[in-house]
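Chemist: The structure file entry.tsv (TSV, C-alpha atoms) is provided below.
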chain	number	residue	atom	x	y	z
A	656	MET	CA	-20.55	-106.94	-19.49
A	657	PRO	CA	-22.91	-109.78	-20.37
A	658	GLU	CA	-24.02	-111.90	-17.44
A	659	THR	CA	-22.71	-115.06	-19.10
A	660	THR	CA	-19.02	-114.86	-18.41
A	661	GLU	CA	-16.38	-112.93	-16.51
A	662	PRO	CA	-14.30	-110.41	-18.54
A	663	ASN	CA	-11.08	-111.46	-20.19
A	664	VAL	CA	-8.44	-110.08	-17.83
A	665	GLY	CA	-5.58	-111.98	-19.47
A	666	SER	CA	-4.57	-109.28	-21.95
A	667	PHE	CA	-1.29	-108.55	-20.16
A	668	THR	CA	2.07	-110.32	-20.23
A	669	LEU	CA	5.07	-110.28	-17.92
A	670	SER	CA	8.21	-108.79	-19.40
A	671	GLY	CA	11.80	-110.00	-19.20
A	672	HIS	CA	13.51	-107.05	-20.88
A	673	PRO	CA	15.17	-104.12	-19.08
A	674	ALA	CA	12.81	-102.64	-16.54
A	675	GLY	CA	11.81	-99.09	-15.91
A	676	GLU	CA	10.11	-96.35	-17.85
A	677	PRO	CA	12.38	-93.79	-19.55
A	678	ALA	CA	12.17	-90.26	-18.13
A	679	GLY	CA	11.36	-89.15	-21.67
A	680	PRO	CA	11.40	-90.49	-25.21
A	681	VAL	CA	14.79	-91.74	-26.36
A	682	ASP	CA	15.58	-91.41	-30.04
A	683	VAL	CA	16.88	-94.60	-31.60
A	684	PRO	CA	19.81	-93.67	-33.84
A	685	GLU	CA	20.23	-94.95	-37.37
A	686	HIS	CA	21.24	-98.58	-37.52
A	687	ASP	CA	21.54	-101.56	-39.78
A	688	GLU	CA	19.18	-104.52	-39.37
A	689	TRP	CA	20.26	-108.12	-39.84
A	690	PRO	CA	17.70	-110.83	-40.63
A	691	LEU	CA	18.60	-113.99	-38.73
A	692	PRO	CA	17.15	-117.49	-38.31
A	693	ASN	CA	14.38	-117.14	-35.68
A	694	GLY	CA	15.43	-113.56	-35.04
A	695	PHE	CA	16.96	-110.29	-36.17
A	696	ALA	CA	19.45	-107.73	-34.91
A	697	TRP	CA	19.97	-103.98	-34.84
A	698	VAL	CA	23.59	-102.89	-35.26
A	699	PHE	CA	25.00	-99.66	-33.81
A	700	PRO	CA	28.71	-99.07	-34.66
A	701	GLY	CA	30.96	-97.72	-31.95
A	702	GLU	CA	32.40	-94.23	-32.03
A	703	GLY	CA	35.50	-93.95	-34.17
A	704	ASN	CA	34.81	-97.19	-36.01
A	705	HIS	CA	33.67	-95.40	-39.20
A	706	GLY	CA	30.59	-97.58	-39.54
A	707	SER	CA	32.56	-100.84	-39.39
A	708	LEU	CA	32.35	-103.62	-36.85
A	709	VAL	CA	35.53	-103.55	-34.80
A	710	ARG	CA	34.73	-104.63	-31.22
A	711	PRO	CA	31.26	-106.23	-31.27
A	712	VAL	CA	29.09	-106.62	-28.17
A	713	ILE	CA	26.05	-108.85	-28.79
A	714	MET	CA	23.21	-108.36	-26.27
A	715	ALA	CA	20.13	-110.59	-26.47
A	716	ASP	CA	16.56	-109.67	-25.55
A	717	GLY	CA	14.62	-111.32	-22.72
A	718	PHE	CA	11.35	-113.20	-22.23
A	719	ASN	CA	7.91	-112.07	-23.30
A	720	LEU	CA	5.26	-113.05	-25.81
A	721	GLY	CA	5.62	-112.31	-29.50
A	722	ARG	CA	8.34	-110.71	-31.60
A	723	SER	CA	11.06	-108.73	-29.87
A	724	GLU	CA	10.41	-105.01	-29.75
A	725	LEU	CA	13.95	-103.73	-30.01
A	726	ASP	CA	12.81	-100.12	-29.83
A	727	THR	CA	11.40	-100.89	-26.37
A	728	LEU	CA	14.59	-102.73	-25.44
A	729	TYR	CA	16.64	-99.72	-26.57
A	730	GLN	CA	14.49	-97.38	-24.46
A	731	GLY	CA	15.08	-99.59	-21.42
A	732	LEU	CA	18.83	-99.68	-21.98
A	733	GLU	CA	19.15	-95.95	-22.57
A	734	GLY	CA	16.36	-94.15	-20.75
A	735	GLY	CA	17.06	-95.00	-17.13
A	736	ASP	CA	19.79	-94.18	-14.62
A	737	PHE	CA	22.58	-95.32	-16.93
A	738	ALA	CA	22.73	-95.07	-20.75
A	739	LEU	CA	24.33	-98.44	-21.44
A	740	VAL	CA	24.27	-98.43	-25.24
A	741	SER	CA	25.68	-94.90	-25.47
A	742	GLU	CA	28.45	-95.70	-23.00
A	743	LEU	CA	29.42	-98.84	-24.89
A	744	ARG	CA	29.54	-96.95	-28.16
A	745	ARG	CA	31.51	-94.11	-26.57
A	746	ARG	CA	34.12	-96.70	-25.63
A	747	GLY	CA	34.36	-97.86	-29.22
A	748	ARG	CA	32.16	-100.93	-28.81
A	749	ASP	CA	29.79	-101.93	-31.59
A	750	VAL	CA	26.41	-102.73	-30.04
A	751	ILE	CA	24.38	-105.52	-31.62
A	752	LEU	CA	20.91	-105.79	-30.07
A	753	LEU	CA	19.58	-109.26	-30.78
A	754	GLY	CA	15.85	-109.94	-30.95
A	755	PHE	CA	13.74	-113.04	-31.52
A	756	GLU	CA	10.81	-113.65	-33.85
A	757	GLU	CA	9.02	-115.32	-30.92
A	758	ARG	CA	10.43	-114.59	-27.49
A	759	SER	CA	8.41	-117.34	-25.86
A	760	ALA	CA	9.73	-120.04	-28.22
A	761	SER	CA	12.10	-122.74	-27.07
A	762	ILE	CA	15.48	-121.49	-25.89
A	763	LEU	CA	17.05	-124.16	-28.12
A	764	ASP	CA	15.34	-122.68	-31.18
A	765	ASN	CA	16.18	-119.07	-30.33
A	766	ALA	CA	19.83	-120.06	-29.88
A	767	GLU	CA	19.92	-120.33	-33.68
A	768	ALA	CA	19.60	-116.54	-33.89
A	769	VAL	CA	22.52	-116.08	-31.49
A	770	MET	CA	24.78	-118.45	-33.41
A	771	ALA	CA	23.92	-116.72	-36.70
A	772	ALA	CA	24.59	-113.28	-35.20
A	773	ILE	CA	28.00	-114.44	-33.96
A	774	ALA	CA	28.83	-115.86	-37.40
A	775	ARG	CA	27.85	-112.64	-39.17
A	776	ALA	CA	29.67	-110.42	-36.68
A	777	THR	CA	32.91	-112.36	-37.06
A	778	ALA	CA	32.54	-112.41	-40.87
A	779	GLU	CA	32.01	-108.64	-41.15
A	780	GLN	CA	34.40	-107.58	-38.41
A	781	VAL	CA	37.43	-105.45	-39.22
A	782	GLY	CA	40.43	-106.73	-37.26
A	783	ASN	CA	40.49	-109.58	-34.79
A	784	ALA	CA	39.28	-108.11	-31.49
A	785	PRO	CA	37.35	-110.70	-29.44
A	786	LEU	CA	33.58	-110.57	-29.08
A	787	THR	CA	31.47	-110.00	-26.00
A	788	VAL	CA	28.21	-111.97	-25.98
A	789	GLY	CA	25.44	-112.04	-23.38
A	790	GLY	CA	21.91	-111.02	-22.63
A	791	PHE	CA	19.20	-109.86	-20.29
A	792	SER	CA	16.96	-112.30	-18.41
A	793	MET	CA	16.23	-115.18	-20.81
A	794	GLY	CA	18.70	-113.64	-23.27
A	795	GLY	CA	21.50	-114.64	-20.93
A	796	ILE	CA	20.31	-118.24	-20.97
A	797	VAL	CA	19.94	-118.35	-24.75
A	798	THR	CA	23.45	-116.96	-25.29
A	799	ARG	CA	24.90	-119.31	-22.68
A	800	TYR	CA	23.49	-122.31	-24.51
A	801	ALA	CA	24.44	-120.98	-27.96
A	802	LEU	CA	28.08	-120.42	-27.04
A	803	ALA	CA	28.37	-123.82	-25.38
A	804	ARG	CA	26.76	-125.48	-28.39
A	805	LEU	CA	29.17	-123.78	-30.80
A	806	GLU	CA	32.09	-125.07	-28.74
A	807	THR	CA	30.66	-128.58	-28.80
A	808	GLN	CA	30.40	-128.33	-32.60
A	809	GLY	CA	34.02	-127.23	-32.81
A	810	THR	CA	33.15	-123.73	-34.05
A	811	ASP	CA	35.40	-120.84	-33.04
A	812	HIS	CA	32.98	-118.23	-31.71
A	813	ARG	CA	35.90	-115.88	-30.92
A	814	THR	CA	34.11	-114.72	-27.78
A	815	ALA	CA	36.31	-113.64	-24.88
A	816	LEU	CA	33.54	-112.56	-22.49
A	817	TYR	CA	30.09	-113.94	-21.75
A	818	PHE	CA	27.73	-112.07	-19.42
A	819	SER	CA	24.23	-112.56	-18.07
A	820	TYR	CA	22.08	-109.80	-16.59
A	821	ASP	CA	19.65	-111.12	-13.98
A	822	SER	CA	19.25	-114.37	-15.90
A	823	PRO	CA	17.53	-117.33	-14.21
A	824	HIS	CA	20.36	-119.88	-14.33
A	825	ARG	CA	18.74	-121.91	-11.54
A	826	GLY	CA	15.17	-120.99	-12.44
A	827	ALA	CA	12.71	-118.08	-12.28
A	828	SER	CA	9.56	-117.73	-10.16
A	829	ILE	CA	6.06	-116.61	-11.05
A	830	PRO	CA	3.56	-117.29	-8.25
A	831	VAL	CA	1.79	-120.55	-9.07
A	832	GLY	CA	-1.55	-119.04	-8.10
A	833	VAL	CA	-1.07	-116.39	-10.77
A	834	GLN	CA	-0.06	-119.05	-13.29
A	835	ALA	CA	-3.21	-120.99	-12.45
A	836	PHE	CA	-5.39	-117.88	-12.73
A	837	SER	CA	-4.21	-117.32	-16.32
A	838	HIS	CA	-5.92	-120.62	-17.24
A	839	PHE	CA	-8.92	-120.00	-14.95
A	840	ILE	CA	-9.97	-117.08	-17.17
A	841	PRO	CA	-12.70	-118.55	-19.44
A	842	PHE	CA	-11.14	-117.17	-22.62
A	843	ALA	CA	-8.03	-117.82	-24.63
A	844	ASN	CA	-5.70	-115.06	-23.50
A	845	ASP	CA	-2.15	-113.80	-23.96
A	846	PHE	CA	-1.11	-114.34	-20.36
A	847	ALA	CA	-2.13	-118.00	-20.42
A	848	LYS	CA	-0.33	-118.41	-23.73
A	849	GLN	CA	2.80	-116.89	-22.20
A	850	MET	CA	2.63	-119.07	-19.08
A	851	ASP	CA	2.19	-122.22	-21.16
A	852	SER	CA	4.90	-121.32	-23.69
A	853	PRO	CA	8.03	-123.43	-24.26
A	854	ALA	CA	10.34	-120.78	-22.78
A	855	ALA	CA	8.21	-120.39	-19.63
A	856	ARG	CA	8.16	-124.15	-19.13
A	857	GLN	CA	11.94	-124.25	-19.58
A	858	MET	CA	12.76	-121.42	-17.16
A	859	LEU	CA	10.24	-121.54	-14.31
A	860	TRP	CA	11.50	-123.52	-11.32
A	861	ARG	CA	7.91	-124.67	-10.73
A	862	HIS	CA	5.21	-124.65	-13.37
A	863	TYR	CA	1.41	-124.99	-13.16
A	864	ASP	CA	0.13	-127.51	-15.69
A	865	LYS	CA	-3.24	-126.41	-17.08
A	866	ASP	CA	-4.26	-129.92	-18.13
A	867	THR	CA	-3.53	-131.82	-14.93
A	868	LYS	CA	-3.86	-128.81	-12.59
A	869	THR	CA	-0.69	-129.96	-10.88
A	870	ILE	CA	2.45	-128.05	-9.91
A	871	GLY	CA	5.92	-129.35	-10.59
A	872	VAL	CA	9.00	-129.22	-12.78
A	873	ALA	CA	7.79	-129.03	-16.37
A	874	PRO	CA	9.06	-131.80	-18.66
A	875	GLU	CA	10.39	-129.08	-20.96
A	876	ARG	CA	12.61	-127.80	-18.16
A	877	THR	CA	14.03	-131.25	-17.53
A	878	GLU	CA	14.67	-131.67	-21.25
A	879	PHE	CA	16.28	-128.25	-21.55
A	880	LEU	CA	18.62	-128.83	-18.59
A	881	ALA	CA	19.62	-132.15	-20.18
A	882	ALA	CA	20.31	-130.40	-23.50
A	883	LEU	CA	22.37	-127.80	-21.67
A	884	GLU	CA	24.34	-130.52	-19.94
A	885	GLN	CA	25.00	-132.21	-23.29
A	886	VAL	CA	26.89	-129.13	-24.46
A	887	GLY	CA	28.86	-128.84	-21.23
A	888	GLY	CA	26.51	-126.61	-19.28
A	889	TRP	CA	28.51	-123.44	-19.89
A	890	PRO	CA	30.84	-122.05	-22.55
A	891	ARG	CA	34.41	-122.81	-21.47
A	892	ARG	CA	36.46	-120.48	-23.67
A	893	PRO	CA	35.14	-117.05	-22.63
A	894	ARG	CA	35.34	-115.56	-19.17
A	895	THR	CA	31.86	-115.84	-17.66
A	896	LEU	CA	30.21	-113.03	-15.68
A	897	ALA	CA	26.81	-112.66	-14.06
A	898	VAL	CA	25.04	-109.78	-12.35
A	899	ALA	CA	21.91	-109.92	-10.18
A	900	ASN	CA	19.32	-107.21	-9.58
A	901	GLY	CA	18.73	-108.68	-6.14
A	902	ARG	CA	20.89	-108.18	-3.08
A	903	GLY	CA	23.68	-110.51	-2.07
A	904	ASP	CA	23.38	-110.21	1.72
A	905	GLY	CA	20.40	-112.53	2.09
A	906	VAL	CA	17.92	-109.66	2.48
A	907	GLY	CA	14.97	-109.82	0.14
A	908	LEU	CA	11.60	-108.15	0.52
A	909	PRO	CA	11.02	-108.02	4.29
A	910	GLU	CA	7.64	-106.32	3.76
A	911	VAL	CA	6.31	-109.48	2.11
A	912	ASN	CA	4.91	-111.62	4.92
A	913	PRO	CA	4.53	-115.28	3.92
A	914	GLY	CA	0.92	-116.40	4.04
A	915	ASP	CA	-0.52	-112.88	3.97
A	916	ILE	CA	-2.88	-111.70	1.26
A	917	ALA	CA	-0.93	-110.31	-1.69
A	918	LEU	CA	-3.92	-109.37	-3.82
A	919	GLY	CA	-7.68	-109.63	-3.35
A	920	ILE	CA	-10.21	-109.12	-6.13
A	921	ASP	CA	-13.89	-108.12	-6.02
A	922	ARG	CA	-16.76	-107.23	-8.39
A	923	ILE	CA	-15.27	-109.38	-11.14
A	924	TYR	CA	-13.86	-112.77	-10.18
A	925	PRO	CA	-15.16	-111.86	-6.70
A	926	GLY	CA	-13.39	-113.46	-3.78
A	927	THR	CA	-10.32	-114.40	-5.82
A	928	THR	CA	-7.37	-114.04	-3.47
A	929	PHE	CA	-3.65	-114.56	-3.89
A	930	TYR	CA	-1.34	-115.18	-0.94
A	931	ALA	CA	2.37	-114.56	-0.49
A	932	GLN	CA	4.10	-117.91	-0.72
A	933	ALA	CA	4.69	-119.60	2.63
A	934	GLN	CA	6.61	-122.71	3.66
A	935	GLY	CA	4.94	-125.99	4.58
A	936	ASN	CA	2.59	-128.51	3.05
A	937	ASP	CA	-0.94	-127.99	1.79
A	938	VAL	CA	-0.32	-124.22	1.78
A	939	THR	CA	-2.98	-122.14	0.04
A	940	ALA	CA	-1.34	-120.04	-2.68
A	941	ALA	CA	-4.58	-118.79	-4.24
A	942	GLN	CA	-8.33	-119.09	-3.99
A	943	LEU	CA	-9.87	-118.58	-7.44
A	944	ASN	CA	-13.52	-117.77	-8.02
A	945	ARG	CA	-15.63	-116.75	-10.97
A	946	ARG	CA	-19.36	-116.23	-11.39
A	947	PHE	CA	-19.87	-116.96	-15.10
A	948	PRO	CA	-19.44	-119.80	-15.82
A	949	LYS	CA	-19.41	-120.51	-12.13
A	950	ALA	CA	-16.27	-122.18	-10.82
A	951	GLU	CA	-14.00	-122.26	-7.80
A	952	GLN	CA	-10.47	-123.57	-7.41
A	953	THR	CA	-7.99	-123.67	-4.53
A	954	VAL	CA	-4.32	-123.73	-5.52
A	955	THR	CA	-2.06	-125.31	-2.91
A	956	THR	CA	1.66	-125.96	-2.67
A	957	ASN	CA	3.82	-128.45	-0.84
A	958	GLY	CA	7.40	-127.94	0.28
A	959	PHE	CA	7.88	-124.51	-1.27
A	960	PRO	CA	10.29	-121.97	0.23
A	961	GLU	CA	9.19	-118.37	0.83
A	962	VAL	CA	10.03	-117.43	-2.72
A	963	ASP	CA	7.87	-114.32	-3.16
A	964	GLY	CA	9.90	-112.32	-0.64
A	965	ALA	CA	13.29	-113.83	-1.46
A	966	PRO	CA	16.36	-111.78	-2.41
A	967	GLY	CA	16.23	-111.22	-6.14
A	968	GLY	CA	15.25	-109.05	-9.05
A	969	THR	CA	11.59	-108.13	-8.65
A	970	LEU	CA	8.61	-108.00	-10.97
A	971	HIS	CA	5.39	-105.97	-10.58
A	972	THR	CA	3.47	-109.23	-10.90
A	973	TYR	CA	0.52	-108.40	-8.68
A	974	LYS	CA	0.40	-104.73	-9.67
A	975	ILE	CA	0.18	-105.67	-13.36
A	976	LEU	CA	-2.71	-108.02	-12.60
A	977	ALA	CA	-4.42	-105.52	-10.29
A	978	ASP	CA	-4.21	-102.70	-12.85
A	979	THR	CA	-5.79	-104.94	-15.49
A	980	ILE	CA	-8.61	-105.94	-13.11
A	981	LYS	CA	-9.34	-102.29	-12.30
A	982	LYS	CA	-9.45	-101.30	-15.96
A	983	LEU	CA	-12.22	-103.83	-16.47
A	984	GLY	CA	-14.34	-102.57	-13.57
A	985	GLY	CA	-13.00	-104.74	-10.79
A	986	LYS	CA	-12.01	-103.73	-7.29
A	987	THR	CA	-8.66	-104.77	-5.84
A	988	ASP	CA	-6.94	-104.97	-2.50
A	989	LEU	CA	-3.27	-104.84	-3.50
A	990	ARG	CA	-0.90	-105.47	-0.60
A	991	TYR	CA	2.32	-106.36	-2.44
A	992	GLU	CA	3.12	-104.82	-5.81
A	993	ASN	CA	6.47	-106.58	-6.20
A	994	VAL	CA	7.60	-110.14	-5.69
A	995	CYS	CA	10.84	-111.90	-6.44
A	996	PHE	CA	11.12	-113.04	-10.06
A	997	VAL	CA	14.77	-114.12	-10.42
A	998	PRO	CA	16.32	-115.03	-7.06
A	999	SER	CA	19.82	-113.68	-6.54
A	1000	VAL	CA	21.21	-117.19	-6.02
A	1001	SER	CA	19.78	-118.15	-9.41
A	1002	ALA	CA	21.08	-115.06	-11.21
A	1003	VAL	CA	24.66	-115.70	-10.08
A	1004	ALA	CA	24.35	-119.50	-10.32
A	1005	ILE	CA	25.53	-120.21	-6.81
A	1006	ARG	CA	22.65	-122.10	-5.13
A	1007	ASP	CA	19.39	-123.74	-6.13
A	1008	VAL	CA	16.07	-122.19	-5.16
A	1009	GLU	CA	14.16	-125.20	-3.81
A	1010	LYS	CA	15.35	-124.90	-0.18
A	1011	GLN	CA	14.73	-121.96	2.12
A	1012	ASP	CA	18.30	-121.80	3.41
A	1013	ASP	CA	19.76	-121.78	-0.10
A	1014	LEU	CA	17.25	-119.29	-1.42
A	1015	TYR	CA	18.03	-116.83	1.37
A	1016	ALA	CA	21.76	-117.55	1.53
A	1017	ASN	CA	24.08	-114.66	2.30
A	1018	ILE	CA	25.92	-114.76	-1.02
A	1019	ASP	CA	28.41	-112.15	0.13
A	1020	LYS	CA	29.75	-114.63	2.69
A	1021	LEU	CA	29.84	-117.68	0.43
A	1022	ASP	CA	32.96	-118.95	-1.25
A	1023	VAL	CA	32.88	-117.41	-4.73
A	1024	MET	CA	34.08	-120.75	-6.08
A	1025	GLU	CA	30.60	-122.15	-5.37
A	1026	SER	CA	29.28	-120.16	-8.33
A	1027	GLU	CA	29.31	-121.66	-11.79
A	1028	VAL	CA	30.53	-118.37	-13.28
A	1029	ASP	CA	34.01	-116.87	-13.01
A	1030	GLU	CA	32.90	-113.65	-11.39
A	1031	PHE	CA	29.62	-112.09	-10.31
A	1032	LEU	CA	28.08	-109.05	-8.68
A	1033	CYS	CA	24.81	-108.62	-6.79
A	1034	SER	CA	23.04	-105.28	-6.52
A	1035	SER	CA	23.59	-103.24	-3.37
A	1036	THR	CA	19.82	-102.71	-3.15
A	1037	THR	CA	16.80	-104.65	-4.36
A	1038	THR	CA	15.98	-103.48	-7.87
A	1039	GLY	CA	13.54	-104.46	-10.59
A	1040	HIS	CA	14.34	-107.43	-12.78
A	1041	THR	CA	16.88	-106.35	-15.46
A	1042	ALA	CA	16.85	-102.74	-14.23
A	1043	ILE	CA	19.83	-100.97	-15.81
A	1044	THR	CA	21.80	-99.55	-12.90
A	1045	GLU	CA	25.09	-97.70	-12.81
A	1046	ASP	CA	26.78	-100.04	-10.34
A	1047	LEU	CA	26.00	-103.21	-12.29
A	1048	CYS	CA	26.76	-101.71	-15.70
A	1049	THR	CA	29.98	-100.02	-14.63
A	1050	TRP	CA	31.18	-103.32	-13.16
A	1051	LEU	CA	30.51	-105.06	-16.48
A	1052	LEU	CA	32.12	-102.31	-18.54
A	1053	GLU	CA	35.29	-102.49	-16.49
A	1054	ARG	CA	35.64	-106.15	-17.46
A	1055	LEU	CA	35.18	-105.90	-21.21
A	1056	PRO	CA	38.04	-107.52	-23.16
A	1057	ASP	CA	40.62	-105.34	-24.87
In structure tokens, what does this structure look like?
Modeler:
Amino acid sequence: MPETTEPNVGSFTLSGHPAGEPAGPVDVPEHDEWPLPNGFAWVFPGEGNHGSLVRPVIMADGFNLGRSELDTLYQGLEGGDFALVSELRRRGRDVILLGFEERSASILDNAEAVMAAIARATAEQVGNAPLTVGGFSMGGIVTRYALARLETQGTDHRTALYFSYDSPHRGASIPVGVQAFSHFIPFANDFAKQMDSPAARQMLWRHYDKDTKTIGVAPERTEFLAALEQVGGWPRRPRTLAVANGRGDGVGLPEVNPGDIALGIDRIYPGTTFYAQAQGNDVTAAQLNRRFPKAEQTVTTNGFPEVDGAPGGTLHTYKILADTIKKLGGKTDLRYENVCFVPSVSAVAIRDVEKQDDLYANIDKLDVMESEVDEFLCSSTTTGHTAITEDLCTWLLERLPD
């Protein structure tokens, strides 16, 4: 490594598609591919449908950087504890996996792919069975907006059921110190590009602005929420369902102690330290340091809740960063591999995430009418963001329209 700059450690991205590594390779069966505006889809007919579309289920990909990798999405849906695509097809459902040409693009732009997929599915469908439309992580937000927009336009989307799978209806969380570090790296890098993307700015409840070095609600989020409100907020014709990978009893990650070190780095970016988010004002979230070109930066927050340890679907945020640092010759002190990414209250659209009491609310004891969706389910245990689990998937399958 030349003694003129620190290494580029921003080669990673954070994923919003189904979590977990398959136990072994999963063969992707033969399928048709649809080209769509701003996206594409893979189509897997249900058993007994003789290759025709009869009872379509459209499932949209989640957040990342670049073009959707539907083979990876398929592996995540099939290779874990529950083979969701196979079970849908066994029940005679036609599975349409919807991908985007750029997953980090504006949700409003990617909604075009959803609307086109719905139009093609209804045009090619045999019979008049209603559609099911939803998605994982960001995919649940894109489909929510697309369906609501179609209704506003007066288009019959013929969808009887909408679902979201650990989607950040009230916002997602990536530690602001980590966001800041992506821009502290003295190179253009994929992680910084992802953190500064339109979709990240629209979904993160708090965003670090690289130009002003301030933390707040990104203008793109305000604009997106306004656009969502203009189409009614939610689709009104279908039944709306939401599932959360976090628990519903108010228990999050008790091992995450607010204010403690989450990750320390040495050898490269020496002295850089990230802390688990704590409440209060002028709270240090990260201390960033680099030798070449020399720079230091302290990232502080004001009025944040203890979001890193909150109930919700988790992401290996600090482990992903630590593994990258180690590959490049750095030394790490990793205390917390996982932090909350999509709070449970956000995934089931029942409370906002800004206040500690709301963020840690015991959802199981709340009036279900507080939620913006018709029905929801939280995981019985804390699981990874968009992890495909038997309890969540079985609950959804039981509610598919006839």
Chemist: Would you mind listing what lies within 9 Å of Gln857 of chain A as a VMD selection string, with all atoms listed in the file counted and same-chain residues fewer than 4 positions away left out?
Modeler: chain A and resid 761 to 762 826 852 to 853 872 to 880
Chemist: Determine, counting all atoms listed in the file, which protein, DNA and RNA residues have an atom within 12 Å of an atom of segment 985-987 of chain A; residues of the same chain fewer than 2 positions away are not included. Present the result as a PyMOL selection string.
Modeler: chain A and resi 656+661-664+916-929+973-983+989-992
Chemist: Have a look at atom CA of Ala843 of chain A and atom CA of Ser723 of chain A and let me know their distance in Å, one decimal.
Modeler: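 Pair atom CA of Ala843 of chain A / atom CA of Ser723 of chain A returns 21.8 Å.
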Chemist: Please determine, counting all atoms listed in the file, which residue among A:Ala897, A:Ile773, A:Val997, A:Leu691 has the shortest atom-to-atom distance to Pro823 of chain A.
Modeler: A:Val997
Chemist: Between A:Glu1045, A:Asp716, A:Asp851, A:Asp866, which one has atoms that come closest to Ser792 of chain A, using only C-alpha atoms?
Modeler: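 Using only C-alpha atoms, the shortest distance to Ser792 of chain A belongs to A:Asp716.
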